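Student: Below is the structure I would like to discuss, written out as structure tokens.
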Amino acid sequence: MPDRAADDFERMWADLAPVGRAATSGGYFRQPFASAERELAAWFEEQCAARGLRLERDPFGNVAAWWDPPAPPVPGSAVLTGSHLDSVLDGGAYDGPLGVVSALAAIDVLRGRGFVPGRPLGVSVFVEEEGSRFGLACLGSRLAVGATSWEDARALRDRDGVALGDVVPGPGAGERSTLLDGVGAFVELHVEQGRGLVDLDEPVGVASEIWPHGRYRFDFGGEANHAGSTRMEDRHDPMLTYAMTALAANKQARLAGQRATFGRIEVAPNGTNAVASRVTAWLDARASSDAALADLVAAVERQAADRADRDGTTVTVTPESVSGSVGFDLTLHLGGPGHDRWPVLPSQAGHDAGILSAAGIATAMLFVRNPTGVSHAPAESAETADCLAGVTALAGTLERLAR
């Protein structure tokens with residue numbers, strides 16, 4: 001990569017580093033439509049304007065910046081790359097922003113080579129990819145492709161009770177997102193969320209697929225009572241039912257070689273000296289096939305119901321979002337230097353690329369090595385040399401697709 005392009009990447013990365021970073025943990029709080037994420041969105045638009053890219057926005061907050069070809073393109077031939085700028089609560093620096101910065105850097109590399117696109121080449125930012133504020137992952141891309149309706153999405157509320165419809169204008173009568181009209185291919189670069197490339201000693205890899213995954217709300221009901229005066233045998237404690245369910249999820253996932261995590265919980269009345277009346281917990285479940293995911297969740301739900309019978313409590317399970325398995329188009333990466341040796345890895349994490357692929361857009365993903373293997377946490381990282389290798393790989397892919 002030319003020195004100037006490498007310098008541009010490092011400058012852009014330095015611009016983003018302090019935005020939304022917590023002084024105590026070093027993690028990031030970049031929730032959608034809040035101050036830090038909006039600062040990053042403004043930064044992105046400034047970067048695009050400085051490059052002379054044409055900005056396009058949709059009613060849901062998604063943005064794409066286009067490098068238009070000099071001649072009218074073939075309809076449906078546009079090439080899009082990019083990622084997202086929001087984070088999980090106390091998240092890492094790279095998940096999302098690396099794909100956006102790398103996309104801009106790849107545009108710089110191509111211009112430095114004197115490349116002129118034969119079809120529109122765009123850089124996108126989709127909002128609320130993590131679902132950290134309104135609870136539905138890949139919300140922006142789901143709305144853009146029509147996989148989620150605005151009528152359903154506008155009523156989603158954050159933890160403070162603010163509705164999505166109160167912070168996003170949404171479409172007018174008869175209006176829809178046209179951001180992806182004419183897009184024939186999408187390529188997303190992302191930091192790897194695991195240690196596959198570390199184990200293979202490779203800086204860059206290609207995603208073969210995204211495992212099916214879902215978020216399920218478990219509502220455990222019981223009877224509030226005094227922590228001291230209520231005999232143990234007289235209790236109907238939903239916390240016990242939840243605790244056994246969390247252990248069951250761990251055991252069932254390990255036995256099946258899948259993934260199950262209870263990472264969020266709410267308790268009422270949430271008092272130290274009170275038996276709880278209600279526990280609400282969210283299960284994140286992921287598996288290697290749609291059938292394996294259904295089996296995993298069913299096994300956890302069955303054990304939760306059995307335990308509720310013994311505890312004299314109740315349990316209700318509500319799927320809040322479920323995404324089926326998604327395969328990627330590996331042919332989008334063929335033909336460039338070194339592309340034939342890139343390792344191919346599955347992804348257990350969800351991505352906007354999965355939503356676009358499921359909508360019928362030819363889609364591919366590139367991974368950049370994460371030396372810690374940690375993601376969705378402050379220890380998430382990537383070496384600059386590996387990031388630059390990712391930019392080179394992305395630029396090569398985009399050059400071939402946008403000729």
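Quick note on naming: the chains in the structure tokens go A, B, ... in the order shown, residues restart at 1 in each chain, and ligands are numbered from 1 in order of appearance.
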I need the residues in region 64-200 of chain A that are alpha helix (DSSP H) according to DSSP; give them as a PyMOL selection string.
Tutor: chain A and resi 97-112+139-145+150-153+164-167+196-200
Student: Could those selected residues go to a file with N, CA, C and O atoms, as a short mmCIF file (atom, residue, chain, number, x, y, z; two decimals), in the first residue's frame?
Tutor:
```
data_model
loop_
_atom_site.label_atom_id
_atom_site.label_comp_id
_atom_site.auth_asym_id
_atom_site.auth_seq_id
_atom_site.Cartn_x
_atom_site.Cartn_y
_atom_site.Cartn_z
N PRO A 97 -16.56 0.32 12.91
CA PRO A 97 -15.76 1.41 12.35
C PRO A 97 -14.60 0.95 11.47
O PRO A 97 -14.24 1.66 10.52
N LEU A 98 -14.01 -0.21 11.74
CA LEU A 98 -12.91 -0.66 10.89
C LEU A 98 -13.39 -0.82 9.45
O LEU A 98 -12.67 -0.48 8.50
N GLY A 99 -14.60 -1.34 9.26
CA GLY A 99 -15.11 -1.51 7.91
C GLY A 99 -15.38 -0.19 7.21
O GLY A 99 -15.20 -0.08 5.99
N VAL A 100 -15.80 0.82 7.96
CA VAL A 100 -16.08 2.13 7.37
C VAL A 100 -14.78 2.83 7.00
O VAL A 100 -14.62 3.34 5.88
N VAL A 101 -13.82 2.87 7.93
CA VAL A 101 -12.54 3.53 7.67
C VAL A 101 -11.81 2.81 6.54
O VAL A 101 -11.22 3.44 5.65
N SER A 102 -11.84 1.47 6.54
CA SER A 102 -11.16 0.71 5.49
C SER A 102 -11.79 0.97 4.12
O SER A 102 -11.09 1.00 3.10
N ALA A 103 -13.11 1.15 4.09
CA ALA A 103 -13.77 1.44 2.82
C ALA A 103 -13.32 2.79 2.26
O ALA A 103 -13.03 2.91 1.06
N LEU A 104 -13.25 3.80 3.12
CA LEU A 104 -12.77 5.11 2.67
C LEU A 104 -11.32 5.02 2.23
O LEU A 104 -10.92 5.60 1.21
N ALA A 105 -10.51 4.27 2.98
CA ALA A 105 -9.10 4.11 2.62
C ALA A 105 -8.96 3.36 1.30
O ALA A 105 -8.06 3.65 0.50
N ALA A 106 -9.83 2.38 1.05
CA ALA A 106 -9.78 1.65 -0.22
C ALA A 106 -10.10 2.57 -1.39
O ALA A 106 -9.49 2.45 -2.47
N ILE A 107 -11.05 3.49 -1.20
CA ILE A 107 -11.33 4.49 -2.24
C ILE A 107 -10.07 5.31 -2.52
O ILE A 107 -9.72 5.58 -3.68
N ASP A 108 -9.37 5.71 -1.46
CA ASP A 108 -8.13 6.47 -1.63
C ASP A 108 -7.09 5.67 -2.41
O ASP A 108 -6.39 6.21 -3.27
N VAL A 109 -6.97 4.37 -2.09
CA VAL A 109 -6.00 3.53 -2.80
C VAL A 109 -6.35 3.46 -4.28
O VAL A 109 -5.48 3.59 -5.15
N LEU A 110 -7.62 3.25 -4.58
CA LEU A 110 -8.02 3.14 -5.98
C LEU A 110 -7.78 4.44 -6.74
O LEU A 110 -7.32 4.43 -7.89
N ARG A 111 -8.08 5.55 -6.12
CA ARG A 111 -7.83 6.83 -6.79
C ARG A 111 -6.34 7.06 -6.98
O ARG A 111 -5.91 7.61 -8.01
N GLY A 112 -5.54 6.62 -6.00
CA GLY A 112 -4.10 6.74 -6.14
C GLY A 112 -3.55 5.92 -7.29
O GLY A 112 -2.51 6.26 -7.88
N LEU A 139 -30.87 -3.37 12.54
CA LEU A 139 -32.16 -2.71 12.34
C LEU A 139 -32.15 -1.84 11.09
O LEU A 139 -33.08 -1.85 10.29
N GLY A 140 -31.07 -1.05 10.91
CA GLY A 140 -31.01 -0.16 9.75
C GLY A 140 -31.04 -0.90 8.44
O GLY A 140 -31.78 -0.53 7.51
N SER A 141 -30.26 -1.97 8.32
CA SER A 141 -30.25 -2.73 7.06
C SER A 141 -31.55 -3.50 6.89
O SER A 141 -32.04 -3.66 5.76
N ARG A 142 -32.14 -3.98 7.97
CA ARG A 142 -33.45 -4.65 7.86
C ARG A 142 -34.51 -3.70 7.30
O ARG A 142 -35.32 -4.07 6.45
N LEU A 143 -34.49 -2.47 7.78
CA LEU A 143 -35.45 -1.48 7.28
C LEU A 143 -35.14 -1.12 5.83
O LEU A 143 -36.06 -0.94 5.02
N ALA A 144 -33.87 -1.05 5.48
CA ALA A 144 -33.49 -0.67 4.12
C ALA A 144 -33.95 -1.69 3.09
O ALA A 144 -34.36 -1.32 1.98
N VAL A 145 -33.88 -2.98 3.44
CA VAL A 145 -34.29 -4.02 2.48
C VAL A 145 -35.76 -4.40 2.63
O VAL A 145 -36.28 -5.18 1.84
N TRP A 150 -41.58 -0.40 8.97
CA TRP A 150 -41.48 0.79 9.81
C TRP A 150 -42.57 0.78 10.87
O TRP A 150 -42.35 1.24 12.00
N GLU A 151 -43.72 0.22 10.57
CA GLU A 151 -44.80 0.17 11.55
C GLU A 151 -44.38 -0.62 12.78
O GLU A 151 -44.71 -0.26 13.92
N ASP A 152 -43.66 -1.70 12.58
CA ASP A 152 -43.17 -2.48 13.71
C ASP A 152 -41.98 -1.80 14.38
O ASP A 152 -41.88 -1.76 15.61
N ALA A 153 -41.07 -1.25 13.58
CA ALA A 153 -39.83 -0.70 14.13
C ALA A 153 -40.06 0.59 14.91
O ALA A 153 -39.39 0.82 15.92
N LEU A 164 -38.22 4.50 18.88
CA LEU A 164 -37.43 4.77 17.68
C LEU A 164 -38.09 5.86 16.84
O LEU A 164 -37.41 6.72 16.28
N GLY A 165 -39.42 5.82 16.77
CA GLY A 165 -40.13 6.83 15.99
C GLY A 165 -39.97 8.24 16.51
O GLY A 165 -40.27 9.20 15.79
N ASP A 166 -39.50 8.39 17.76
CA ASP A 166 -39.27 9.72 18.32
C ASP A 166 -37.92 10.30 17.93
O ASP A 166 -37.70 11.50 18.09
N VAL A 167 -37.00 9.44 17.42
CA VAL A 167 -35.65 9.93 17.10
C VAL A 167 -35.33 9.80 15.61
O VAL A 167 -34.34 10.36 15.15
N GLY A 196 -9.78 -17.45 14.67
CA GLY A 196 -9.50 -18.29 13.51
C GLY A 196 -8.26 -17.87 12.75
O GLY A 196 -7.40 -18.71 12.42
N LEU A 197 -8.11 -16.57 12.47
CA LEU A 197 -6.97 -16.09 11.72
C LEU A 197 -5.70 -16.11 12.55
O LEU A 197 -4.59 -16.28 12.01
N VAL A 198 -5.82 -15.96 13.86
CA VAL A 198 -4.66 -16.09 14.74
C VAL A 198 -4.11 -17.51 14.65
O VAL A 198 -2.89 -17.72 14.48
N ASP A 199 -4.99 -18.49 14.75
CA ASP A 199 -4.56 -19.88 14.69
C ASP A 199 -3.97 -20.25 13.33
O ASP A 199 -3.07 -21.09 13.24
N LEU A 200 -4.45 -19.60 12.27
CA LEU A 200 -3.96 -19.88 10.92
C LEU A 200 -2.78 -19.00 10.54
O LEU A 200 -2.19 -19.18 9.46
#
```
Student: Could you pull the residues within 9 Å of Phe126 (chain A), counting only C-alpha atoms, minus those fewer than 5 positions along the same chain, as a PyMOL selection string?
Tutor: chain A and resi 61-64+82-86+138-141+144+352
Student: Restricted to all heavy atoms, what would the selected residues look like written as a tab-separated table (two decimals), in the first residue's frame?
Tutor:
```
chain	number	residue	atom	x	y	z
A	61	GLY	N	-32.06	6.71	8.65
A	61	GLY	CA	-30.76	7.10	9.17
A	61	GLY	C	-29.59	6.42	8.50
A	61	GLY	O	-28.44	6.71	8.83
A	62	ASN	N	-29.84	5.51	7.56
A	62	ASN	CA	-28.75	4.89	6.81
A	62	ASN	C	-28.20	5.87	5.78
A	62	ASN	O	-28.93	6.72	5.25
A	62	ASN	CB	-29.25	3.64	6.07
A	62	ASN	CG	-29.84	2.62	7.02
A	62	ASN	OD1	-29.22	2.23	8.00
A	62	ASN	ND2	-31.06	2.16	6.73
A	63	VAL	N	-26.90	5.75	5.49
A	63	VAL	CA	-26.25	6.67	4.56
A	63	VAL	C	-25.35	5.88	3.61
A	63	VAL	O	-24.73	4.89	4.02
A	63	VAL	CB	-25.38	7.71	5.32
A	63	VAL	CG1	-24.70	8.66	4.35
A	63	VAL	CG2	-26.22	8.49	6.32
A	64	ALA	N	-25.27	6.33	2.37
A	64	ALA	CA	-24.29	5.81	1.42
A	64	ALA	C	-23.67	7.00	0.70
A	64	ALA	O	-24.34	8.00	0.42
A	64	ALA	CB	-24.93	4.87	0.42
A	82	GLY	N	-18.71	-1.00	3.13
A	82	GLY	CA	-19.00	-0.26	4.36
A	82	GLY	C	-19.42	-1.16	5.48
A	82	GLY	O	-19.33	-2.38	5.40
A	83	SER	N	-19.92	-0.53	6.56
A	83	SER	CA	-20.29	-1.30	7.76
A	83	SER	C	-21.16	-0.41	8.64
A	83	SER	O	-22.11	0.19	8.16
A	83	SER	CB	-19.03	-1.79	8.49
A	83	SER	OG	-19.34	-2.75	9.47
A	84	HIS	N	-20.81	-0.28	9.93
A	84	HIS	CA	-21.61	0.52	10.86
A	84	HIS	C	-20.69	1.25	11.83
A	84	HIS	O	-19.49	0.93	11.94
A	84	HIS	CB	-22.59	-0.37	11.63
A	84	HIS	CG	-21.93	-1.41	12.50
A	84	HIS	ND1	-21.71	-1.23	13.85
A	84	HIS	CD2	-21.45	-2.64	12.21
A	84	HIS	CE1	-21.11	-2.31	14.34
A	84	HIS	NE2	-20.95	-3.19	13.37
A	85	LEU	N	-21.23	2.23	12.54
A	85	LEU	CA	-20.45	3.05	13.47
A	85	LEU	C	-20.92	2.93	14.92
A	85	LEU	O	-20.27	3.44	15.82
A	85	LEU	CB	-20.49	4.53	13.05
A	85	LEU	CG	-19.77	4.86	11.74
A	85	LEU	CD1	-20.08	6.28	11.29
A	85	LEU	CD2	-18.26	4.67	11.88
A	86	ASP	N	-22.07	2.28	15.16
A	86	ASP	CA	-22.55	2.11	16.52
A	86	ASP	C	-21.81	0.96	17.20
A	86	ASP	O	-21.15	0.15	16.54
A	86	ASP	CB	-24.05	1.85	16.54
A	86	ASP	CG	-24.43	0.59	15.79
A	86	ASP	OD1	-24.14	0.50	14.59
A	86	ASP	OD2	-25.02	-0.32	16.41
A	138	CYS	N	-29.07	-5.25	13.46
A	138	CYS	CA	-29.12	-4.95	12.02
A	138	CYS	C	-30.42	-4.23	11.67
A	138	CYS	O	-30.98	-4.44	10.58
A	138	CYS	CB	-28.97	-6.23	11.20
A	138	CYS	SG	-27.40	-7.09	11.46
A	139	LEU	N	-30.87	-3.37	12.54
A	139	LEU	CA	-32.16	-2.71	12.34
A	139	LEU	C	-32.15	-1.84	11.09
A	139	LEU	O	-33.08	-1.85	10.29
A	139	LEU	CB	-32.53	-1.88	13.56
A	139	LEU	CG	-33.83	-1.09	13.49
A	139	LEU	CD1	-35.01	-2.00	13.21
A	139	LEU	CD2	-34.06	-0.31	14.78
A	140	GLY	N	-31.07	-1.05	10.91
A	140	GLY	CA	-31.01	-0.16	9.75
A	140	GLY	C	-31.04	-0.90	8.44
A	140	GLY	O	-31.78	-0.53	7.51
A	141	SER	N	-30.26	-1.97	8.32
A	141	SER	CA	-30.25	-2.73	7.06
A	141	SER	C	-31.55	-3.50	6.89
A	141	SER	O	-32.04	-3.66	5.76
A	141	SER	CB	-29.03	-3.66	7.02
A	141	SER	OG	-28.99	-4.53	8.14
A	144	ALA	N	-33.87	-1.05	5.48
A	144	ALA	CA	-33.49	-0.67	4.12
A	144	ALA	C	-33.95	-1.69	3.09
A	144	ALA	O	-34.36	-1.32	1.98
A	144	ALA	CB	-31.97	-0.47	4.03
A	352	ASP	N	-24.64	-6.77	8.90
A	352	ASP	CA	-25.50	-6.21	7.86
A	352	ASP	C	-25.35	-6.99	6.56
A	352	ASP	O	-26.31	-7.12	5.80
A	352	ASP	CB	-25.16	-4.74	7.63
A	352	ASP	CG	-25.54	-3.85	8.81
A	352	ASP	OD1	-26.65	-4.02	9.35
A	352	ASP	OD2	-24.73	-2.99	9.19
```
Student: With distances taken over only C-alpha atoms, which residue among A:Gly52, A:Ala93, A:Glu37, A:Pro203 lies nearest Val127 (chain A)?
Tutor: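 Among A:Gly52, A:Ala93, A:Glu37, A:Pro203, it is A:Glu37 that comes nearest to Val127 (chain A).
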Student: Taking only region 104-168 of chain A into account, list the residues labelled strand (DSSP E) by DSSP (computed from the backbone), as a PyMOL selection string.
Tutor: chain A and resi 121-125
Student: Give me a file of those residues, with all heavy atoms, as a compact mmCIF listing (two decimals), in the first residue's frame.
Tutor:
```txt
# COMPACT_ATOMS: atom_id res chain seq x y z
N LEU A 121 -19.68 3.12 -7.20
CA LEU A 121 -18.98 2.47 -6.09
C LEU A 121 -19.28 3.27 -4.83
O LEU A 121 -18.97 4.47 -4.76
CB LEU A 121 -17.48 2.43 -6.36
CG LEU A 121 -16.58 1.83 -5.29
CD1 LEU A 121 -17.01 0.42 -4.92
CD2 LEU A 121 -15.12 1.85 -5.74
N GLY A 122 -19.90 2.63 -3.84
CA GLY A 122 -20.37 3.36 -2.67
C GLY A 122 -19.81 2.85 -1.36
O GLY A 122 -19.36 1.70 -1.26
N VAL A 123 -19.84 3.73 -0.36
CA VAL A 123 -19.47 3.40 1.02
C VAL A 123 -20.69 3.65 1.89
O VAL A 123 -21.23 4.76 1.89
CB VAL A 123 -18.28 4.24 1.51
CG1 VAL A 123 -17.94 3.88 2.95
CG2 VAL A 123 -17.07 4.06 0.60
N SER A 124 -21.11 2.63 2.62
CA SER A 124 -22.35 2.75 3.40
C SER A 124 -22.09 2.72 4.89
O SER A 124 -21.10 2.15 5.36
CB SER A 124 -23.30 1.60 3.04
OG SER A 124 -22.69 0.35 3.33
N VAL A 125 -23.01 3.34 5.63
CA VAL A 125 -23.07 3.22 7.08
C VAL A 125 -24.51 2.89 7.44
O VAL A 125 -25.42 3.70 7.20
CB VAL A 125 -22.63 4.51 7.79
CG1 VAL A 125 -22.88 4.40 9.29
CG2 VAL A 125 -21.16 4.80 7.53
```
Student: From the list A:Gly205, A:Pro238, A:Gly92, A:Gly184, which residue is nearest Ala22 (chain A) when using only C-alpha atoms?
Tutor: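 With only C-alpha atoms as the atom set, the closest residue is A:Gly92.
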Student: Might you pull out every residue within 7 Å of Asp290 (chain A), with only C-alpha atoms counted and same-chain residues fewer than 2 positions away left off, and present them as an MDAnalysis selection string?
Tutor: chainID A and resid 212 292:294 324:325
